[in-house]
Amino acid sequence: MSELAFTKMHGLGNDFVVFDGVRQPVTLTTEQLRLLADRHFGVGCDQILLVEPPADPARALFRYRIFNADGGEVEQCGNGARCFARFVREQGLTDAREIPVETLGGPLVLRVEADEQVTVDMGCPVLEPARIPFEADLEAPEYRLEVGDTALTIGAVSMGNPHAVTFVEDVASAPVATLGPAIEAHPRFPRRVNAGFAAVRDRGQLDLRVYERGAGETLACGSGAAAAMVVARLQGRVDEHVRVSLPGGALVLSWNGNPGSPVRLTGPATTVFNGRIDL
């Protein structure tokens with residue numbers, strides 16, 4: 001058993017346990033990750049974040065790793081990325097405001113603004129089905145998806161992790177609890193998928209709920225907000241700048257509609273407390 005220092009953080013209620021793996025050795029088993037995430041027996045969180053030294057110091061300051069509550073490692077998390085940026089500065093690991101990081105989903109650049117909100121360059125959206133990955137014959141702005149007895153129209157995109165976005169009239173009454181897990185485990189998404197349910201208020205505002213792969217519905221999902229913005233823009237529903245309202249609060253997204261251009265996301269990150277835990 002070893003004692004590890006950690007920090008509890010959240011981005012719009014999407015909460016994280018963050019470990020400094022630069023100044024202390026951190027190796028966590030699947031069982032330990034699940035225990036940390038457990039809200040009754042552990043610290044409680046949607047995901048666990050790990051800060052590590054980069055594989056290529058010439059290109060990145062840190063390696064950013066993300067583990068879901070079920071213990072599985074995933075490629076991307078926009079809310080976690082904002083918390084990561086605040087964490088490394090608050091912990092004195094860097095004083096940089098522009099922070100390039102390595103992730104399982106590819107490189108990211110995080111920028112801490114003057115008001116301490118964080119802008120994340122989420123990278124370019126991946127729309128080619130095989131790279132999402134999603135089983136479809138041709139790339140299209142929308143696809144038909146059979147989920148049990150329900151026929152859905154979805155947009156599919158990877159923002160470093162796979163997302164399926166369906167548009168609804170009202171997110172409050174959207175069947176997130178029933179359709180969310182069914183979409184997540186749909187066989188056409190071989191690595192599972194995050195399921196977003198979005199409603200368009202106007203050309204500059206979206207409402208969104210997300211059932212996250214391996215975590216269930218969360219109060220906010222940064223990569224999900226980016227995916228919803230991309231799908232909505234490709235379908236001609238929104239303009240270049242969009243405010244996305246999630247149960248935990250709002251994020252600001254910008255994307256010019258060019259698949260070769262990155263999506264940018266800005267929002268808050270909050271430190272809740274620091275602690276130590278025996279594992």
# chains A, B, ... in the order shown; residues from 1 in each chain; ligands from 1

call {"tool": "residues_around", "arguments": {"residues": "A:Thr27", "least_positions_apart": "5", "cutoff": "12 Å", "atoms": "only C-alpha atoms", "output": "PyMOL selection string"}}
result
chain A and resi 1-4+19-22+32-33+50-52+65+279

call {"tool": "residues_around", "arguments": {"residues": "stretch 100-111 of chain A", "least_positions_apart": "6", "cutoff": "6 Å", "atoms": "only C-alpha atoms", "output": "PyMOL selection string"}}
result
chain A and resi 60-64+75-76+118-121+160

call {"tool": "atom_distance", "arguments": {"atom1": "atom CA of A:Leu152", "atom2": "atom CA of A:Pro190"}}
result
18.2 Å

call {"tool": "residues_around", "arguments": {"residues": "A:Leu35", "least_positions_apart": "5", "cutoff": "9 Å", "atoms": "only C-alpha atoms", "output": "VMD selection string"}}
result
chain A and resid 30 41 to 44 69

call {"tool": "write_last_selection", "arguments": {"atoms": "N, CA and C atoms", "output": "mmCIF file, in the first residue's frame"}}
result
data_model
loop_
_atom_site.group_PDB
_atom_site.id
_atom_site.type_symbol
_atom_site.label_atom_id
_atom_site.label_comp_id
_atom_site.auth_asym_id
_atom_site.auth_seq_id
_atom_site.Cartn_x
_atom_site.Cartn_y
_atom_site.Cartn_z
ATOM 1 N N THR A 30 -6.560 -1.201 -12.574
ATOM 2 C CA THR A 30 -7.973 -0.972 -12.902
ATOM 3 C C THR A 30 -8.820 -0.937 -11.640
ATOM 4 N N PHE A 41 -17.000 4.734 -1.603
ATOM 5 C CA PHE A 41 -15.843 4.112 -0.978
ATOM 6 C C PHE A 41 -14.515 4.778 -1.343
ATOM 7 N N GLY A 42 -14.530 5.648 -2.360
ATOM 8 C CA GLY A 42 -13.303 6.323 -2.783
ATOM 9 C C GLY A 42 -13.423 7.828 -2.664
ATOM 10 N N VAL A 43 -12.687 8.540 -3.495
ATOM 11 C CA VAL A 43 -12.770 10.007 -3.518
ATOM 12 C C VAL A 43 -14.042 10.439 -4.246
ATOM 13 N N GLY A 44 -14.326 9.776 -5.364
ATOM 14 C CA GLY A 44 -15.497 10.105 -6.173
ATOM 15 C C GLY A 44 -15.151 11.040 -7.311
ATOM 16 N N ALA A 69 -14.229 6.211 -15.096
ATOM 17 C CA ALA A 69 -14.612 5.624 -13.807
ATOM 18 C C ALA A 69 -14.593 4.099 -13.833
#

call {"tool": "residues_around", "arguments": {"residues": "A:Leu206", "least_positions_apart": "5", "cutoff": "7 Å", "atoms": "only C-alpha atoms", "output": "PyMOL selection string"}}
result
chain A and resi 198-201+243-245

call {"tool": "write_last_selection", "arguments": {"atoms": "N, CA and C atoms", "output": "mmCIF file, in the first residue's frame"}}
result
data_model
loop_
_atom_site.group_PDB
_atom_site.id
_atom_site.type_symbol
_atom_site.label_atom_id
_atom_site.label_comp_id
_atom_site.auth_asym_id
_atom_site.auth_seq_id
_atom_site.Cartn_x
_atom_site.Cartn_y
_atom_site.Cartn_z
ATOM 1 N N ALA A 198 -28.404 16.879 -28.401
ATOM 2 C CA ALA A 198 -28.286 18.331 -28.539
ATOM 3 C C ALA A 198 -29.588 18.948 -29.045
ATOM 4 N N ALA A 199 -29.845 20.167 -28.586
ATOM 5 C CA ALA A 199 -30.990 20.952 -29.074
ATOM 6 C C ALA A 199 -30.479 22.332 -29.467
ATOM 7 N N VAL A 200 -30.959 22.832 -30.613
ATOM 8 C CA VAL A 200 -30.536 24.139 -31.113
ATOM 9 C C VAL A 200 -31.494 25.211 -30.611
ATOM 10 N N ARG A 201 -30.960 26.159 -29.841
ATOM 11 C CA ARG A 201 -31.785 27.312 -29.430
ATOM 12 C C ARG A 201 -31.840 28.351 -30.541
ATOM 13 N N ARG A 243 -22.251 29.096 -28.067
ATOM 14 C CA ARG A 243 -22.265 28.860 -26.621
ATOM 15 C C ARG A 243 -23.032 27.560 -26.391
ATOM 16 N N VAL A 244 -22.380 26.595 -25.749
ATOM 17 C CA VAL A 244 -22.983 25.295 -25.496
ATOM 18 C C VAL A 244 -23.319 25.193 -24.014
ATOM 19 N N SER A 245 -24.611 25.063 -23.713
ATOM 20 C CA SER A 245 -25.065 24.967 -22.327
ATOM 21 C C SER A 245 -25.254 23.509 -21.948
#

call {"tool": "residues_around", "arguments": {"residues": "A:Arg237", "least_positions_apart": "4", "cutoff": "9 Å", "atoms": "only C-alpha atoms", "output": "tab-separated table (two decimals) with C-alpha atoms, in the first residue's frame"}}
result
chain	number	residue	atom	x	y	z
A	200	VAL	CA	-30.54	24.14	-31.11
A	202	ASP	CA	-30.56	29.58	-32.22
A	203	ARG	CA	-27.54	29.86	-34.54
A	231	VAL	CA	-21.99	18.24	-36.29
A	232	ALA	CA	-24.38	21.19	-35.95
A	233	ARG	CA	-22.17	23.37	-38.17

call {"tool": "closest_residue", "arguments": {"among": "A:Pro187, A:Pro133, A:Ala172, A:Met229", "to": "A:Glu146", "atoms": "only C-alpha atoms"}}
result
A:Pro187
